[in-house]
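> Provided herewith is a single structure, encoded as structure tokens, for subsequent inquiry.
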Amino acid sequence: MASKKYDLVIKDGRVIDPALGFGKEAHVFVKNGRIVKIQKDSAAVARDLKSLDNDQLIDAAGKIVVPGLIDIHVHLREPGGEAKETIETGCRAAAAGGFTSVCCMPNTTPRIDNQETVKFVQDRAASADARVYVVGAITKNIEGKELSEIGDLVKIGAVAVTDDGNYVQNPEIMRRALEYARMFDIPVMQHAEDQFLCAGGVMNESFQSSRLGIKGAPAVAEEIAVTRDIALCQVTGGRLHIQHVTTRGAVEAIRKAKLAGINVTAEVTPHHLVLTDEEIGKEFNTNLRVNPPLRTAADRDAVIEGLIDGTIDCIASDHAPHAEQDKDCEFDMAPPGMIGLETTVGLIKTYLIDKGYLSWADAVRKMTSNPARILGLPGGNLAMDSPADITIIDPEKKWTVRADRFQSRSKNSAFIGYKLSGRVFKTIMGGRIVFG
């Protein structure tokens with residue numbers, strides 16, 4: 001029996017690939033898990049399509065076909081936090097959200113600060129529904145006191161280092177981290193919050209925190225941290241990536257640094273693009289307790305402007321699962337974080353694309369080619385002979401966020417009940433349909 005010419009064809013979709021400058025109605029042909037060609041209608045293409053069985057065809061008419069989305073800031077909680085999320089369930093949530101690649105943070109138990117723990121995560125992820133790239137810890141046990149063996153982490157496959165959840169408070173250690181990371185051409189990803197200024201803060205320090213009687217973490221804590229690390233980045237010639245930017249001052253500092261040619265990149269989360277601290281006083285929903293905190297409307301608008309003008313390079317969910325019982329408490333006692341993998345596309349479509357802030361090409365770039373470039377990851381485009389990591393989005397699909405539909409093991413989303421437009425139709429990883 002002759003082998004099939006193609007294993008899978010996505011037909012009649014609007015193919016958007018900012019990395020290749022491609023945006024048109026076309027068909028995507030896949031063979032042996034790789035992209036063979038992308039072609040518009042022609043007599044030859046019509047013959048190819050006619051020869052295929054229905055199980056080889058995906059009808060993407062009216063839908064958008066993009067490179068598999070990449071999320072460079074995800075907490076998979078394993079090892080140690082399997083009650084909240086496992087690598088398997090986290091990757092299932094990623095696939096449901098259109099993400100074919102995720103980068104997992106190292107603040108697990110034990111910390112991902114050595115080769116053995118990196119290898120554990122890699123082995124557990126081998127059969128998962130998304131590609132998992134490991135980000136190692138900057139310092140041992142994420143304590144900010146002694147550098148991890150960064151060379152060993154990179155040797156086994158770590159794509160960056162971060163102490164996410166903690167700021168590297170000691171500037172000498174941060175300087176050395178940037179210098180060592182430069183030797184391996186990886187970025188240092190920094191959770192930028194001065195720990196002294198934001199100590200005990202559980203929401204943004206603002207009129208709202210005063211009104212509610214809740215201790216606040218001031219915007220200046222982020223801005224001082226960002227400014228210091230930009231200076232260290234300039235001195236060392238290293239690569240700095242600022243995680244989850246939230247304040248107007250931080251955006252402006254990053255903008256100036258880029259204009260000065262300093263090698264700094266940045267990300268923003270959907271919840272910081274959509275929500276403000278005004279939401280907290282409405283019902284004290286502990287899913288609004290995040291770190292860094294939700295800021296003012298002026299900060300939110302400045303972050304959106306930074307996303308539009310390229311100051312902020314990518315959108316990352318900061319997917320942070322917590323068990324229901326852990327969030328079922330007073331607001332100031334709740335652990336910070338919310339899940340985000342499954343709502344990112346709908347939130348970006350509804351609150352940024354539909355409002356005219358971003359085009360589809362802009363949004364896709366922030367979730368594909370830009371994150372791939374920052375971390376040197378494969379993927380992020382639909383180049384010929386590249387792995388067939390593809391996301392198909394129904395741009396006008398109306399849906400309501402429901403807790404019982406989440407693939408994540410945890411349900412701690414602040415967006416439950418939100419009515420969104422734009423939903424993932426199918427997610428394909430290496431030519432295999434992993435969602436839809």
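Just remember, in the structure tokens the first chain shown is A, the second B, etc., residues are 1-based per chain, and ligands are 1-based in the order shown.
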Quick one: pick out all strand (DSSP E) residues within stretch 28-174 of chain A from a backbone DSSP run and write them as JSON, numbers by chain.

{"A": [28, 29, 30, 31, 34, 35, 36, 37, 38, 39, 57, 58, 59, 64, 65, 66, 67, 69, 70, 71, 72, 73, 74, 99, 100, 101, 102, 103, 104, 131, 132, 133, 134, 135, 136, 160, 161, 162]}

> Using only C-alpha atoms, what does the table of stretch 290-319 of chain A residues within 12 Å of stretch 100-119 of chain A look like, with each row giving the shortest atom pair and its distance in Å to one decimal, sorted by chain and ascending number, as JSON lines?


{"residue": "A:Ala316", "atom": "CA", "partner": "A:Val102", "partner_atom": "CA", "distance": 9.5}
{"residue": "A:Ser317", "atom": "CA", "partner": "A:Val102", "partner_atom": "CA", "distance": 10.0}
{"residue": "A:Asp318", "atom": "CA", "partner": "A:Met105", "partner_atom": "CA", "distance": 9.2}
{"residue": "A:His319", "atom": "CA", "partner": "A:Cys104", "partner_atom": "CA", "distance": 9.6}

> Pull C-alpha atoms from the residues just selected and write them as a PDB file, in the first residue's frame.


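New file result-v7.pdb:
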ATOM      1  CA  ALA A 316       2.757  35.438  29.012  1.00  0.00           C
ATOM      2  CA  SER A 317       0.050  33.979  31.218  1.00  0.00           C
ATOM      3  CA  ASP A 318       1.970  33.552  34.503  1.00  0.00           C
ATOM      4  CA  HIS A 319      -0.329  30.535  34.925  1.00  0.00           C
TER       5      HIS A 319
END

> Can you pull out the residues contacting A:Tyr351? Cut-off 10 Å, using only C-alpha atoms, and skip same-chain residues under 6 positions away; I want them as a short mmCIF file (atom, residue, chain, number, x, y, z; two decimals) with N, CA and C atoms, in the first residue's frame.


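Resulting contents of selection-v6.cif:
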data_model
loop_
_atom_site.label_atom_id
_atom_site.label_comp_id
_atom_site.auth_asym_id
_atom_site.auth_seq_id
_atom_site.Cartn_x
_atom_site.Cartn_y
_atom_site.Cartn_z
N PRO A 270 -2.08 38.72 30.67
CA PRO A 270 -3.43 39.17 30.31
C PRO A 270 -4.16 39.83 31.48
N LEU A 273 -3.34 43.33 31.82
CA LEU A 273 -3.83 44.11 30.68
C LEU A 273 -5.33 44.39 30.77
N VAL A 274 -6.04 43.59 31.56
CA VAL A 274 -7.50 43.67 31.60
C VAL A 274 -8.02 44.24 32.91
N TYR A 357 -6.52 47.85 19.82
CA TYR A 357 -5.15 48.08 20.31
C TYR A 357 -4.13 47.28 19.51
N LEU A 358 -4.45 46.04 19.20
CA LEU A 358 -3.55 45.16 18.46
C LEU A 358 -4.26 44.55 17.27
N LEU A 420 -16.41 36.02 26.51
CA LEU A 420 -15.29 36.35 25.65
C LEU A 420 -15.58 36.02 24.19
N SER A 421 -14.80 36.62 23.33
CA SER A 421 -14.88 36.36 21.89
C SER A 421 -13.51 35.89 21.41
#

> Which residue, A:Val188, A:Val168, A:Ala181, A:Ile308, has the smallest gap to A:Ala225 when you use only C-alpha atoms?

A:Val168

> From the list A:Cys233, A:Ala298, A:Ala95, A:Val9, which residue is nearest A:Ala219 when using only C-alpha atoms?

A:Ala298

> What residues in stretch 214-244 of chain A get the DSSP label helix (DSSP H, G or I)? Please answer as number ranges by chain.

A: 219-236

> Residues as selected, C-alpha atoms, written as an mmCIF file, in the first residue's frame, can you do that?


data_model
loop_
_atom_site.group_PDB
_atom_site.id
_atom_site.type_symbol
_atom_site.label_atom_id
_atom_site.label_comp_id
_atom_site.auth_asym_id
_atom_site.auth_seq_id
_atom_site.Cartn_x
_atom_site.Cartn_y
_atom_site.Cartn_z
ATOM 1 C CA ALA A 219 4.499 50.757 42.150
ATOM 2 C CA VAL A 220 7.900 52.220 43.004
ATOM 3 C CA ALA A 221 8.997 48.788 44.294
ATOM 4 C CA GLU A 222 8.807 47.504 40.726
ATOM 5 C CA GLU A 223 10.256 50.634 39.189
ATOM 6 C CA ILE A 224 13.342 50.680 41.422
ATOM 7 C CA ALA A 225 13.963 46.993 40.710
ATOM 8 C CA VAL A 226 13.627 47.465 36.948
ATOM 9 C CA THR A 227 15.879 50.534 36.929
ATOM 10 C CA ARG A 228 18.595 48.814 38.975
ATOM 11 C CA ASP A 229 18.623 45.724 36.791
ATOM 12 C CA ILE A 230 18.715 47.721 33.567
ATOM 13 C CA ALA A 231 21.848 49.442 34.910
ATOM 14 C CA LEU A 232 23.394 46.058 35.759
ATOM 15 C CA CYS A 233 22.454 44.730 32.343
ATOM 16 C CA GLN A 234 24.208 47.672 30.713
ATOM 17 C CA VAL A 235 27.347 47.191 32.800
ATOM 18 C CA THR A 236 27.591 43.449 32.166
#

> I need the residue nearest A:Ile214 from this list: A:Ile280, A:Ile416, A:Val364, A:Ala320. Use only C-alpha atoms for the distance.

A:Ile280

> Which one of A:Asp164, A:Glu149, A:Asp404, A:Asp55 sits closest to A:Tyr180 if you count only C-alpha atoms?

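The answer is A:Glu149, which sits nearest to A:Tyr180.
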
> Which residues are close to A:Asp41, i.e. within 9 Å by only C-alpha atoms, leaving aside same-chain residues fewer than 6 positions away? Reply as a list in words.

Asp12, Glu25, Ala26 and His27 of chain A

> Keeping C-alpha atoms, export the residues of the selection given above as a short mmCIF file (atom, residue, chain, number, x, y, z; two decimals), in the first residue's frame.


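Generated file (selection-v1.cif):
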data_model
loop_
_atom_site.label_atom_id
_atom_site.label_comp_id
_atom_site.auth_asym_id
_atom_site.auth_seq_id
_atom_site.Cartn_x
_atom_site.Cartn_y
_atom_site.Cartn_z
CA ASP A 12 -9.06 27.29 3.73
CA GLU A 25 -5.94 32.51 2.81
CA ALA A 26 -4.02 29.27 2.26
CA HIS A 27 -3.71 25.57 2.99
#

> Which is closest to A:Lys258 among A:Ile58, A:Ala43, A:Ala94, A:Ile312, if we use only C-alpha atoms?

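Using only C-alpha atoms, A:Lys258 sits closest to A:Ile312.
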
> With a distance cut-off of 10 Å and only C-alpha atoms, select the neighbouring residues of A:Ala334, excluding the residue or stretch itself and same-chain residues fewer than 4 positions from it, and output the selection as a PyMOL selection string.

chain A and resi 202+285-290+322+325-330

> Rank A:Gly13, A:Gly23, A:Pro79, A:Pro387 by their smallest atom-to-atom distance to A:Leu57, using only C-alpha atoms, and report the top residue only.

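Counting only C-alpha atoms, the residue closest to A:Leu57 is A:Gly13.
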
> I'd like the contact shell of A:Glu278 - 9 Å cut-off, only C-alpha atoms, skipping same-chain residues fewer than 4 positions apart - returned as a PDB file with N, CA and C atoms, in the first residue's frame.


ATOM      1  N   GLN A 208      -7.290  52.737  46.450  1.00  0.00           N
ATOM      2  CA  GLN A 208      -8.118  51.554  46.708  1.00  0.00           C
ATOM      3  C   GLN A 208      -7.631  50.794  47.939  1.00  0.00           C
ATOM      4  N   LYS A 282     -14.916  44.999  44.993  1.00  0.00           N
ATOM      5  CA  LYS A 282     -16.279  44.627  44.589  1.00  0.00           C
ATOM      6  C   LYS A 282     -16.766  43.369  45.294  1.00  0.00           C
ATOM      7  N   LEU A 294      -2.480  43.730  40.883  1.00  0.00           N
ATOM      8  CA  LEU A 294      -3.203  44.526  39.891  1.00  0.00           C
ATOM      9  C   LEU A 294      -3.004  46.001  40.223  1.00  0.00           C
ATOM     10  N   ARG A 295      -2.749  46.810  39.213  1.00  0.00           N
ATOM     11  CA  ARG A 295      -2.432  48.224  39.440  1.00  0.00           C
ATOM     12  C   ARG A 295      -3.611  49.120  39.057  1.00  0.00           C
ATOM     13  N   THR A 296      -3.333  50.412  38.941  1.00  0.00           N
ATOM     14  CA  THR A 296      -4.372  51.385  38.614  1.00  0.00           C
ATOM     15  C   THR A 296      -4.702  51.347  37.124  1.00  0.00           C
ATOM     16  N   ALA A 297      -5.789  52.008  36.753  1.00  0.00           N
ATOM     17  CA  ALA A 297      -6.166  52.093  35.343  1.00  0.00           C
ATOM     18  C   ALA A 297      -5.084  52.808  34.533  1.00  0.00           C
TER      19      ALA A 297
END
